[in-house]
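What follows is a set of notes on a single structure, which appears directly below.
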Amino acid sequence: MRLLPALHWPSIRGRARADAGPLLLVVLVVAAVSLLAAAVPPLLRGTADDAAREAVREHPDESAVRVDARWEDDYGPSGGRVRNDRLARDVEDLGGQAEATLDAGLRDALQPPVTTVTSISLVLTDGSVQRHFQLDYLRSGADGPAVTWLAGRAPGATREGNPEIPLNGSPWEVQVGLSETAAAALKMRPGDHIPLEDEQRNKYNVKVSGVFRPVDPRDPAWRLVPSALRPVAGLDGAGTTRLGGLLSASSLPDARLAFLQDQLRRTVWFSAEPDRLTWESAQRLAATVATLKAESGTSAERDTSLKWQTQLDGVLREVQAQVDAAYGQASVLLIAVLAGAVLVLLLAADLLMRRRSPALIAARQRGASLPGIAGELLIESLVVAVPAAALGIAVAFAVAGDAALPWVVPVASCGILAGPAFGTVAAARGTRDRRTPANRAARLFAQRTAQLRRAALDAAVVLAAVGAIVSLRQRGVGDSALPAAAPALAVIAATLLLVRLMPVVTGVALRQSLRSRRPLAVFGAAQAAATASRVLPLLVLTTTTALASFAVTLSATTGSGLADGAWRTVGADARLDVAPDETGSTAALAAKIAAAPGVTHVVAGDISGGVRVVTNDTSLTPNLVIVDAAAFHRLLASTPLPDAPGLDQLGKGGRDGIPVLVRGSLHPGLSLRLYLEDDQDSGASGGYSTAENAIKLTAVGAAPAIDGMDDVVVIDAAALPGTPDTIWATGPGAARAIDAVAASGHPVVRDAVLAARRSAPLTAGLRALDLAAAGTLLALGMLGFALGAAAGAPARWRTLARLRTLGLRTRDTRRVAAGELLPPVLVAAVSGPLLGVLLVRLTLGPLSLRLITAQSADPPAVVPWWLLGVASIVLLLTLVAVVVAEAAVRRRRGLGDVLRAGGD
Amino acid sequence: MTAPLLTVRGVHRTFGSGAAAVHALRDISFEVEPGTMVALVGRSGSGKTTLLNVIGGLDRPDSGEVTVDGVEVTGLDEDGLSRLRRERVSYVFQNFGLIPVLSAAENVGVPLRLARAEPKEREHRVELLLELVGLADHARQRPGELSGGQQQRVAIARALAASPRLLIADEPTGQLDAETGLSVMALIRGIVESEGVTALVSTHDPVMMALADRVVRIADGQLLP
Ligand SMILES: Nc1ncnc2c1ncn2[C@@H]1O[C@H](COP(=O)(O)OP(=O)(O)OP(=O)(O)O)[C@@H](O)[C@H]1O
Ligand SMILES: [Mg+2]
């Protein structure tokens with residue numbers, strides 16, 4: 001018995017030669033869509049890597065991994081403490097020990113460990129106020145970052161060797177080096193002792209051995225203990241300055257003896273290496289640290305095991321949300337393109353089947369078996385589709401460095417299987433002995449069955465679409481394919497319903513045209529009605545147009561959302577966050593900005609966080625914004641930001657307290673009591689003013705969104721004086737004016753914010769994908785239309801030839817042909833954009849577009865009508881081109897030939 | 001003696017060239033009197049369809065001349081041919097060629113629409129013609145709902161709608177069984193008599209030939225005496 005059916009090679013070759021055109025189209029579609037589908041996932045992964053790197057680069061401290069370990073006890077046999085000469089080496093070993101815990105992949109994404117030993121912050125008792133001092137040891141590899149000694153020498157040992165020191169002796173001397181700046185600030189020279197005590201007023205004996213200058217102040221190691229290089233403000237509470245003294249490997253053992261167990265802390269730092277970090281390794285690092293942290297127990301435990309910590313997960317969380325949103329949107333778009341491609345390939349298979357079915361039926365009648373025919377067709381489609389898919393994948397590999405093979409499967413398998421399946425079915429149908437039953441009842445029954453089968457198929461697609469949309473709206477895109485397929489499924493379902501309507505609509509149009517006196521209208525309508533029940537051409541055209549509209553609407557919405565997000569972030573064309581020590585000159589700065597050319601509005605305000613607001617039952621700490629309400633209102637009105645009409649009511653004094661605007665968990669109508677932070681008396685501990693001097697407020701309206709803050713209370717500057725620390729400016733010259741005073745604070749320019757966000761890897765990548773998907777879908781739609789037209793062309797032109805024998809003029813045949821092809825184009829041109837826009841409305845939220853546009857709420861869908869109009873015009877032009885081409889091809893054949901060849 | 005309605009003089013038609021050339025028509029000349037029914041008879045491949053196409057202006061001869069009702073068909077341009085088909089010559093094909101989504105009556109009305117006849121006049125004539133071909137009761141049915149013979153009758157009614165002078169029928173009974181074919185042929189015979197049209201009908205059925213006024217035989221592209 002033969003296992004394989006007999007194949008007839010000459011007919012395989014002959015068929016392929018005769019249908020080279022459609023087969024070439026299959027090659028093009030499979031290759032182009034394979035390229036897109038294979039390249040996008042790795043490219044997106046690349047942008048996710050970039051986004052993770054950028055986040056880590058922007059937050060170096062939070063993304064570092066730190067490992068703390070308590071010291072081993074150093075009590076000697078006689079109850080004293082034993083000096084450990086090798087302490088610096090032990091500290092270095094700790095780094096190696098921590099590194100060994102990480103797997104090789106993670107170690108690769110991290111810089112070599114830096115070990116620090118830092119003392120508690122001591123108080124300088126040289127008569128100055130609020131100055132603190134800390135002892136620091138730094139070691140990366142064999143030694144700390146290189147320094148040059150300008151005066152004196154490196155800190156040496158107070159006593160060599162490992163002697164045991166009694167506990168109750170005088171403070172043990174430690175030698176430290178001072179940086180140039182610290183030495184100047186302290187006015188100290190080598191040999192001087194620094195007057196220091198802790199909060200319990202214990203004295204410390206710290207001697208200056210020398211003054212140094214760092215060889216490379218940008219060495220990342222210095223960032224871990226910035227106070228070792230220069231005075232740092234604010235570390236020990238508001239208004240404080242901390243200076244540092246650098247320990248050496250020789251003086252570290254002495255520092256150990258000078259401090260108690262808990263006063264000196266050793267830490268290993270791993271900074272992420274942004275260039276070698278990937279999205280995947282960053283996440284794995286955060287997860288590994290979380291596991292290690294959980295395993296190492298609480299830091300209160302009195303053991304010397306490693307305690308792991310990082311805020312990397314927090315840094316990645318925002319990126320994670322963005323990456324998830326981007327992946328979701330990308331998979332939705334890719335599935336849309338795949339759906340369009342699969343439909344076009346089905347249409348191509350349908351065309352091939354129509355052209356070949358007489359030959360296939362003849363072959364079957366000559367004795368070819370169905371498996372044999374299927375095998376021949378499969379060989380052809382393998383030869384066509386496999387190299388095409390391979391080419392797409394290869395180019396994707398070249399472009400993206402990787403290829404996502406699973407995404408290629410749908411289009412490749414459809415390219416391979418659709419042709420043989422359609423052809424075999426045609427051969428089987430054509431030679432089946434079952435004719436249409438003569439019996440009227442039996443015919444009706446067969447018709448009913450076919451209708452029922454189609455209705456069941458429609459219902460299944462509609463149900464799947466509804467299920468997909470529901471799951472998308474409830475759970476977002478996530479990892480599963482169903483929600484990501486929701487837009488494609490919804491469009492296909494809606495189009496299937498439209499296809500059902502088509503015969504009714506064309507029937508009405510035909511009846512209408514029969515009443516008219518224009519013969520061409522009748523013929524066009526009749527032709528259209530005759531072909532109205534063809535499902536695939538309309539399905540392809542409408543689906544691709546709708547999904548292309550979906551993609552461009554998504555892109556336009558993202559674009560305007562980004563612009564809006566930038567407005568909301570900055571609040572004006574430009575903003576200056578005045579430096580804390582410059583707030584005294586805010587008014588002068590504002591005046592200077594207002595005087596600059598091209599500045600239309602300038603408002604200075606005081607944004608402060610340290611306030612408490614109490615309503616009847618709750619107490620919260622909103623941001624308090626004190627601003628000249630009228631001026632602020634004028635400024636807002638000159639921007640596209642939402643109007644805040646409530647600002648006009650702030651100027652008027654209220655009976656029940658000062659009128660304010662609120663936002664967030666506070667709402668208009670509430671009576672509030674405001675407590676300002678009382679920082680004069682209680683310092684950093686943060687007390688609030690007492691009940692007697694609470695300020696009574698009434699919330700009279702909704703506050704505008706300011707700088708993305710959640711809970712906000714806006715109050716007029718006339719009612720409560722503040723210290724302005726923020727300047728908003730609008731007008732074409734605002735950015736330049738604010739940049740001119742950049743030295744006095746931190747300028748935030750809207751154009752720059754917008755440009756940065758637009759070019760952010762994920763955003764730029766997604767918008768490129770939007771446009772690529774839209775372009776591909778539109779091209780697929782045009783191709784699908786041409787294929788559908790080609791499949792119907794023989795029948796169409798045969799009928800037209802008959803009409804010509806009845807006296808239809810040659811030039812009028814084109815108009816009748818256009819009339820036949822017009823309905824699907826019209827339906828697609830009208831319903832496509834509408835469906836696309838509707839889909840964007842339905843899916844904006846679940847696609848988390850706001851995460852990509854940096855807006856606080858889902859943006860409203862922005863519909864680029866002109867672009868959709870252009871797409872519709874392109875479709876109509878395709879129609880004209882197809883008709884002109886068909887007419888030109890047929891003009892060469894005589895009428896007699898057409899009719900002779902016909903014989904349907 | 002009346003002038004002939006159809007004159008064919010020295011018509012040649014060759015397909016292809018060189019060794020593969022097929023001489024489908026070789027020096028064909030004949031005349032047909034108005035109001036007669038002529039059967040064109042010949043074996044398959046003898047050139048019947050080619051000759052009918054040349055006469056009706058669906059194909060052009062390599063040389064020779066065809067005149068229908070005083071109009072020289074071989075000298076007409078595309079527009080002239082369209083007018084010829086609207087006004088003087090009509091066709092009936094073996095495979096009927098009706099428009100499937102239109103009813104029988106609407107199919108018959110198509111030539112009248114092309115001639116921009118008044119709707120009233122059109123409806124009246126359609127009614128008359130359907131009665132003539134015996135399908136008055138089937139006016140609203142679509143081609144798919146009619147038998148083959150009925151479809152061919154509709155096609156004949158349609159061919160007569162614009163009152164042509166010459167009716168060309170290429171094997172109008174080819175797809176019909178013998179009995180139905182004969183009745184269709186008899187219908188054409190009757191129409192020639194009642195409407196005064198001239199009919200040129202190709203067939204290879206000897207029974208059908210008996211209905212014709214005259215038989216023209218063709219073999220290998222040449223008329224037999
Ligand atoms: N377009 C063409 N190209 C080449 N040869 C053709 C063409 N049309 C017809 N022929 C040839 O011209 C000859 C006459 O063909 P025609 O169709 O006129 O015969 P016929 O008498 O109508 O045959 P049948 O009874 O089978 O319809 C045949 O040999 C045919 O093969
Ligand atoms: Mg013939």
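Identifiers in the structure tokens: chain A, B, ... in order shown; residue index from 1 per chain; ligand index from 1 in order shown.
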
What are the closest atom pairs, with distances in Å to one decimal, for all residues of chain A lying within 12 Å of chain B? Consider only C-alpha atoms, order rows by chain and residue number, and present the result as CSV.
residue,atom,partner,partner_atom,distance
A:Ala438,CA,B:Ser147,CA,11.8
A:Arg440,CA,B:Glu145,CA,11.3
A:Pro503,CA,B:Val101,CA,11.0
A:Thr506,CA,B:Val101,CA,10.7
A:Gly507,CA,B:Val101,CA,8.9
A:Leu510,CA,B:Val101,CA,9.0
A:Arg511,CA,B:Leu102,CA,9.7
A:Ser513,CA,B:Arg113,CA,11.7
A:Leu514,CA,B:Glu106,CA,8.5
A:Arg515,CA,B:Pro119,CA,8.9
A:Ser516,CA,B:Pro119,CA,9.4
A:Arg517,CA,B:Arg113,CA,7.2
A:Arg518,CA,B:Arg113,CA,7.6
A:Pro519,CA,B:Arg113,CA,5.5
A:Leu520,CA,B:Leu114,CA,8.4
A:Ala521,CA,B:Arg113,CA,10.7
A:Val522,CA,B:Val110,CA,9.1
A:Phe523,CA,B:Val110,CA,9.0
A:Gly524,CA,B:Ile99,CA,11.5
A:Ala525,CA,B:Val101,CA,9.6
A:Ala526,CA,B:Val101,CA,6.2
A:Gln527,CA,B:Val101,CA,8.0
A:Ala528,CA,B:Val101,CA,9.6
A:Ala529,CA,B:Val101,CA,6.9
A:Ala530,CA,B:Val101,CA,6.0
A:Thr531,CA,B:Val101,CA,9.8
A:Ala532,CA,B:Val101,CA,10.8
A:Ala795,CA,B:Gly97,CA,11.3
A:Arg796,CA,B:Ile99,CA,11.1
A:Arg798,CA,B:Gly97,CA,9.1
A:Thr799,CA,B:Gly97,CA,7.5
A:Leu800,CA,B:Ile99,CA,10.2
A:Ala801,CA,B:Leu58,CA,9.8
A:Arg802,CA,B:Gly97,CA,6.7
A:Leu803,CA,B:Val110,CA,8.7
A:Arg804,CA,B:Ser82,CA,7.1
A:Thr805,CA,B:Arg85,CA,6.2
A:Leu806,CA,B:Pro111,CA,6.0
A:Gly807,CA,B:Arg86,CA,4.4
A:Leu808,CA,B:Ser82,CA,6.4
A:Arg809,CA,B:Ser82,CA,5.6
A:Thr810,CA,B:Glu78,CA,7.2
A:Arg811,CA,B:Asp79,CA,9.3
A:Asp812,CA,B:Ser82,CA,10.9
A:Thr813,CA,B:Ser82,CA,11.8
A:Arg891,CA,B:Glu78,CA,11.4
A:Arg892,CA,B:Asp59,CA,12.0
A:Arg893,CA,B:Asp59,CA,9.9
A:Gly894,CA,B:Asp59,CA,6.3
A:Leu895,CA,B:Leu58,CA,5.3
A:Gly896,CA,B:Leu58,CA,5.0
A:Asp897,CA,B:Asp59,CA,8.1
A:Val898,CA,B:Leu58,CA,9.7
A:Leu899,CA,B:Phe93,CA,9.0
A:Arg900,CA,B:Thr49,CA,8.3
A:Ala901,CA,B:Asn95,CA,11.8
A:Gly902,CA,B:Asn95,CA,9.1
A:Gly903,CA,B:Asn95,CA,6.2
A:Asp904,CA,B:Asn95,CA,7.2

Given the selection you just returned, output its residues as a file containing C-alpha atoms, formatted as a JSON list (two decimals), in the first residue's frame.
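Printed below is part23.json as written:
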[["chain", "number", "residue", "atom", "x", "y", "z"],
["A", 438, "ALA", "CA", -35.56, 18.74, -7.03],
["A", 440, "ARG", "CA", -39.14, 21.90, -3.08],
["A", 503, "PRO", "CA", -28.31, 41.80, 0.61],
["A", 506, "THR", "CA", -28.52, 46.28, -2.03],
["A", 507, "GLY", "CA", -31.99, 44.82, -2.62],
["A", 510, "LEU", "CA", -31.97, 47.81, -6.67],
["A", 511, "ARG", "CA", -35.70, 48.28, -6.21],
["A", 513, "SER", "CA", -32.99, 52.10, -9.08],
["A", 514, "LEU", "CA", -35.58, 50.09, -11.02],
["A", 515, "ARG", "CA", -37.92, 52.99, -10.48],
["A", 516, "SER", "CA", -35.38, 55.42, -11.87],
["A", 517, "ARG", "CA", -34.94, 56.00, -15.59],
["A", 518, "ARG", "CA", -31.18, 55.62, -15.63],
["A", 519, "PRO", "CA", -30.25, 52.23, -17.05],
["A", 520, "LEU", "CA", -26.70, 52.38, -15.65],
["A", 521, "ALA", "CA", -28.03, 52.70, -12.11],
["A", 522, "VAL", "CA", -30.15, 49.60, -12.63],
["A", 523, "PHE", "CA", -27.26, 47.55, -13.96],
["A", 524, "GLY", "CA", -24.86, 48.71, -11.25],
["A", 525, "ALA", "CA", -27.40, 47.96, -8.54],
["A", 526, "ALA", "CA", -28.24, 44.62, -10.08],
["A", 527, "GLN", "CA", -24.58, 43.63, -10.21],
["A", 528, "ALA", "CA", -24.07, 44.79, -6.65],
["A", 529, "ALA", "CA", -27.11, 42.83, -5.47],
["A", 530, "ALA", "CA", -25.86, 39.72, -7.26],
["A", 531, "THR", "CA", -22.55, 39.83, -5.38],
["A", 532, "ALA", "CA", -23.85, 41.21, -2.07],
["A", 795, "ALA", "CA", -18.35, 36.80, -13.87],
["A", 796, "ARG", "CA", -18.61, 40.59, -13.80],
["A", 798, "ARG", "CA", -19.12, 38.28, -18.76],
["A", 799, "THR", "CA", -22.31, 39.96, -17.61],
["A", 800, "LEU", "CA", -21.01, 43.28, -18.88],
["A", 801, "ALA", "CA", -20.27, 41.69, -22.25],
["A", 802, "ARG", "CA", -23.86, 40.44, -22.39],
["A", 803, "LEU", "CA", -25.11, 43.90, -21.55],
["A", 804, "ARG", "CA", -22.97, 45.19, -24.39],
["A", 805, "THR", "CA", -24.69, 42.81, -26.80],
["A", 806, "LEU", "CA", -27.89, 44.47, -25.66],
["A", 807, "GLY", "CA", -26.48, 47.86, -26.61],
["A", 808, "LEU", "CA", -24.62, 49.06, -23.50],
["A", 809, "ARG", "CA", -21.84, 51.37, -24.65],
["A", 810, "THR", "CA", -18.28, 50.25, -23.99],
["A", 811, "ARG", "CA", -17.40, 53.30, -21.94],
["A", 812, "ASP", "CA", -20.45, 52.78, -19.74],
["A", 813, "THR", "CA", -19.30, 49.31, -18.75],
["A", 891, "ARG", "CA", -10.47, 45.79, -23.91],
["A", 892, "ARG", "CA", -7.92, 43.68, -25.74],
["A", 893, "ARG", "CA", -10.30, 40.75, -25.84],
["A", 894, "GLY", "CA", -13.13, 40.90, -28.37],
["A", 895, "LEU", "CA", -16.70, 40.64, -27.25],
["A", 896, "GLY", "CA", -17.13, 37.41, -29.17],
["A", 897, "ASP", "CA", -14.22, 35.83, -27.35],
["A", 898, "VAL", "CA", -15.51, 36.80, -23.95],
["A", 899, "LEU", "CA", -18.88, 35.26, -24.64],
["A", 900, "ARG", "CA", -17.42, 32.16, -26.21],
["A", 901, "ALA", "CA", -15.05, 31.65, -23.28],
["A", 902, "GLY", "CA", -17.98, 32.21, -20.91],
["A", 903, "GLY", "CA", -20.57, 29.51, -21.03],
["A", 904, "ASP", "CA", -21.31, 29.59, -17.33]]

Mind listing the strand (DSSP E) residues of segment 23-140 of chain B, per DSSP on the backbone, as a CSV table (one decimal) with N, CA and C atoms, in the first residue's frame?
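Below is the file that was written, result.csv:
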chain,number,residue,atom,x,y,z
B,23,HIS,N,-7.9,28.9,-40.0
B,23,HIS,CA,-8.8,29.7,-40.9
B,23,HIS,C,-10.2,29.4,-40.6
B,24,ALA,N,-10.8,30.2,-39.7
B,24,ALA,CA,-12.2,29.9,-39.2
B,24,ALA,C,-13.2,30.2,-40.3
B,25,LEU,N,-13.0,31.3,-41.0
B,25,LEU,CA,-13.9,31.6,-42.1
B,25,LEU,C,-13.1,31.9,-43.4
B,26,ARG,N,-13.5,31.3,-44.5
B,26,ARG,CA,-12.8,31.5,-45.8
B,26,ARG,C,-13.7,32.0,-46.9
B,27,ASP,N,-13.6,33.2,-47.2
B,27,ASP,CA,-14.4,33.8,-48.3
B,27,ASP,C,-15.9,33.4,-48.3
B,28,ILE,N,-16.5,33.9,-47.2
B,28,ILE,CA,-17.9,33.6,-47.1
B,28,ILE,C,-18.7,34.7,-47.7
B,29,SER,N,-19.7,34.4,-48.6
B,29,SER,CA,-20.6,35.3,-49.2
B,29,SER,C,-22.0,34.7,-49.2
B,30,PHE,N,-22.9,35.5,-48.8
B,30,PHE,CA,-24.3,35.1,-49.0
B,30,PHE,C,-25.3,36.2,-48.6
B,31,GLU,N,-26.5,36.1,-49.0
B,31,GLU,CA,-27.5,37.2,-48.7
B,31,GLU,C,-28.7,36.5,-48.0
B,32,VAL,N,-29.4,37.3,-47.2
B,32,VAL,CA,-30.6,36.8,-46.6
B,32,VAL,C,-31.8,37.8,-46.8
B,37,MET,N,-36.4,33.0,-42.0
B,37,MET,CA,-35.6,32.3,-41.0
B,37,MET,C,-34.6,31.4,-41.6
B,38,VAL,N,-33.3,31.7,-41.3
B,38,VAL,CA,-32.3,30.9,-42.0
B,38,VAL,C,-31.6,30.1,-40.9
B,39,ALA,N,-31.4,28.8,-41.2
B,39,ALA,CA,-30.6,27.9,-40.3
B,39,ALA,C,-29.2,27.8,-40.8
B,40,LEU,N,-28.2,28.1,-39.9
B,40,LEU,CA,-26.8,27.9,-40.2
B,40,LEU,C,-26.4,26.6,-39.6
B,41,VAL,N,-26.0,25.7,-40.5
B,41,VAL,CA,-25.7,24.3,-40.0
B,41,VAL,C,-24.3,24.0,-40.3
B,63,SER,N,-11.0,40.4,-43.6
B,63,SER,CA,-11.4,41.1,-44.8
B,63,SER,C,-12.8,40.7,-45.1
B,64,GLY,N,-13.4,41.5,-46.1
B,64,GLY,CA,-14.8,41.2,-46.4
B,64,GLY,C,-15.7,42.3,-45.8
B,65,GLU,N,-17.0,42.1,-46.1
B,65,GLU,CA,-17.9,43.2,-45.7
B,65,GLU,C,-19.2,42.6,-45.3
B,66,VAL,N,-19.8,43.2,-44.3
B,66,VAL,CA,-21.1,42.7,-43.8
B,66,VAL,C,-22.1,43.9,-43.8
B,67,THR,N,-23.2,43.8,-44.4
B,67,THR,CA,-24.2,44.9,-44.3
B,67,THR,C,-25.5,44.3,-43.7
B,68,VAL,N,-26.0,45.0,-42.7
B,68,VAL,CA,-27.3,44.6,-42.1
B,68,VAL,C,-28.2,45.8,-42.2
B,71,VAL,N,-26.8,49.0,-43.2
B,71,VAL,CA,-25.7,49.6,-42.4
B,71,VAL,C,-24.5,48.6,-42.6
B,72,GLU,N,-23.4,49.2,-43.0
B,72,GLU,CA,-22.2,48.4,-43.1
B,72,GLU,C,-21.6,48.2,-41.8
B,89,VAL,N,-29.9,44.8,-34.4
B,89,VAL,CA,-29.5,43.4,-34.3
B,89,VAL,C,-29.6,43.0,-32.8
B,90,SER,N,-30.2,41.8,-32.6
B,90,SER,CA,-30.1,41.3,-31.2
B,90,SER,C,-29.7,39.8,-31.2
B,91,TYR,N,-29.3,39.3,-30.0
B,91,TYR,CA,-28.7,38.0,-29.9
B,91,TYR,C,-29.5,37.2,-28.9
B,92,VAL,N,-29.5,35.9,-29.2
B,92,VAL,CA,-29.9,34.9,-28.2
B,92,VAL,C,-28.8,33.9,-28.1

Worksheet item: Taking the backbone alone, and naming residues the way the document does, which bits of segment 603-782 of chain A are alpha helix (DSSP H) by DSSP, as a ChimeraX atom specification?
Response: /A:629-637,679-682,734-740,750-758,761-782

Discussion item. Set the distance at 8 Å and use only C-alpha atoms: which residues neighbour segment 190-199 of chain B once local chain neighbours fewer than 2 positions away are removed? I'd like the list as a PyMOL selection string.
Written reply: chain B and resi 5+33-38+164-169+186-188+201

Worksheet item: In Å, with one decimal, what is the gap from atom CA of Glu820 of chain A to atom CA of Leu457 of chain A?
Response: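 Atom-to-atom, atom CA of Glu820 of chain A and atom CA of Leu457 of chain A are spaced 26.8 Å apart.
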
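All residues, whether protein, DNA or RNA, that have an atom at most 8 Å from ligand 1 (counting only C-alpha atoms and all ligand atoms) are Asp897 and Arg900 of chain A; Thr14, Phe15, Gly16, Ala21, Val22, His23, Ala24, Leu25, Gly42, Arg43, Ser44, Gly45, Ser46, Gly47, Lys48, Thr49, Thr50, Leu51, Asp170, Glu171, Thr203, His204, Asp220 and Gly221 of chain B.
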
Discussion item. List as number ranges by chain the protein and nucleic acid residues near Arg81 of chain A, meaning an atom at most 6 Å away when only C-alpha atoms are counted, but skip any in the same chain fewer than 4 places from it.
Written reply: A: 74-76, 164-165

Selection from above, N, CA, C and O atoms, as a PDB file, in the first residue's frame, can you write it?
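Wrote it out as part-v7.pdb, contents follow:
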ATOM      1  N   ASP A  74      33.662  42.039  69.351  1.00  0.00           N
ATOM      2  CA  ASP A  74      35.121  42.115  69.396  1.00  0.00           C
ATOM      3  C   ASP A  74      35.604  42.123  70.845  1.00  0.00           C
ATOM      4  O   ASP A  74      36.631  42.701  71.166  1.00  0.00           O
ATOM      5  N   TYR A  75      34.799  41.510  71.750  1.00  0.00           N
ATOM      6  CA  TYR A  75      35.245  41.481  73.158  1.00  0.00           C
ATOM      7  C   TYR A  75      36.386  40.509  73.331  1.00  0.00           C
ATOM      8  O   TYR A  75      36.373  39.416  72.757  1.00  0.00           O
ATOM      9  N   GLY A  76      37.388  40.922  74.080  1.00  0.00           N
ATOM     10  CA  GLY A  76      38.549  40.090  74.316  1.00  0.00           C
ATOM     11  C   GLY A  76      38.374  39.245  75.562  1.00  0.00           C
ATOM     12  O   GLY A  76      37.380  39.382  76.279  1.00  0.00           O
ATOM     13  N   GLU A 164      44.249  44.378  73.170  1.00  0.00           N
ATOM     14  CA  GLU A 164      42.922  44.468  73.777  1.00  0.00           C
ATOM     15  C   GLU A 164      42.858  45.765  74.562  1.00  0.00           C
ATOM     16  O   GLU A 164      43.761  46.106  75.313  1.00  0.00           O
ATOM     17  N   ILE A 165      41.770  46.521  74.373  1.00  0.00           N
ATOM     18  CA  ILE A 165      41.645  47.845  74.986  1.00  0.00           C
ATOM     19  C   ILE A 165      40.600  47.791  76.080  1.00  0.00           C
ATOM     20  O   ILE A 165      39.493  47.285  75.833  1.00  0.00           O
TER      21      ILE A 165
END

Worksheet item: What lies within 12 Å of Pro274 of chain A using only C-alpha atoms, ignoring chain neighbours under 5 positions off, as a list of chain:residue names?
Response: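 Everything that qualifies: A:Asp49, A:Asp50, A:Ala51, A:Ala52, A:Arg53, A:Glu54, A:Ala55, A:Val56, A:Arg57, A:Glu58, A:His59, A:Pro60, A:Ser63, A:Ala64, A:Asp108, A:Ala109, A:Leu110, A:Gln111, A:Trp279, A:Ser281, A:Ala282.
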
Practice prompt. Would you mind telling me which residue in B:Leu128, B:Val184, B:Pro172, B:Arg189 lies nearest to ligand 2 when using only C-alpha atoms and all ligand atoms?
Written response: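 Answer, going by the shortest atom-to-atom distance: B:Pro172.
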
Give me, as a short mmCIF file (atom, residue, chain, number, x, y, z; two decimals) with N, CA and C atoms, in the first residue's frame, all polymer residues having an atom no more than 12 Å from Arg13 of chain A, counting only C-alpha atoms and skipping those fewer than 3 positions away in the same chain.
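And here's result17.cif as it stands now:
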data_model
loop_
_atom_site.label_atom_id
_atom_site.label_comp_id
_atom_site.auth_asym_id
_atom_site.auth_seq_id
_atom_site.Cartn_x
_atom_site.Cartn_y
_atom_site.Cartn_z
N LEU A 7 1.51 12.12 -6.67
CA LEU A 7 1.52 13.54 -6.99
C LEU A 7 1.86 13.71 -8.46
N HIS A 8 1.20 14.65 -9.08
CA HIS A 8 1.43 14.90 -10.49
C HIS A 8 2.22 16.19 -10.64
N TRP A 9 3.55 16.05 -10.74
CA TRP A 9 4.41 17.23 -10.69
C TRP A 9 4.13 18.24 -11.79
N PRO A 10 3.90 17.78 -13.06
CA PRO A 10 3.65 18.80 -14.10
C PRO A 10 2.45 19.68 -13.76
N ALA A 16 1.12 26.62 -10.71
CA ALA A 16 1.86 27.72 -10.10
C ALA A 16 2.19 28.79 -11.14
N ARG A 17 2.55 28.33 -12.38
CA ARG A 17 2.90 29.29 -13.42
C ARG A 17 1.68 30.10 -13.82
N ALA A 18 0.52 29.41 -13.94
CA ALA A 18 -0.68 30.10 -14.39
C ALA A 18 -1.15 31.13 -13.37
N ASP A 19 -0.91 30.86 -12.09
CA ASP A 19 -1.41 31.77 -11.06
C ASP A 19 -0.27 32.47 -10.34
N ALA A 20 0.76 32.81 -11.10
CA ALA A 20 1.93 33.43 -10.47
C ALA A 20 1.56 34.72 -9.74
N GLU A 376 -0.75 17.99 -3.64
CA GLU A 376 -0.15 18.85 -4.66
C GLU A 376 -0.27 20.32 -4.28
N LEU A 377 -1.48 20.69 -3.80
CA LEU A 377 -1.68 22.09 -3.43
C LEU A 377 -0.83 22.48 -2.23
N ILE A 379 2.09 21.21 -1.41
CA ILE A 379 3.49 21.39 -1.82
C ILE A 379 3.68 22.80 -2.38
N GLU A 380 2.72 23.20 -3.22
CA GLU A 380 2.81 24.54 -3.79
C GLU A 380 2.82 25.60 -2.69
N SER A 381 1.87 25.50 -1.73
CA SER A 381 1.77 26.57 -0.74
C SER A 381 2.96 26.54 0.21
N VAL A 383 6.00 25.76 -0.70
CA VAL A 383 7.07 26.39 -1.47
C VAL A 383 6.88 27.92 -1.49
#

Fill in: Residues within 12 Å of segment 405-414 of chain A, only C-alpha atoms, excluding chain neighbours under 5 positions, as JSON, numbers by chain
{"A": [26, 27, 28, 29, 30, 31, 32, 33, 34, 35, 36, 37, 38, 39, 40, 41, 42, 330, 331, 334, 335, 336, 337, 338, 339, 340, 341, 342, 343, 344, 345, 346, 347, 348, 349, 378, 381, 382, 383, 384, 385, 386, 387, 388, 389, 390, 391, 392, 393, 394, 396, 397, 419, 420, 421, 422, 481]}
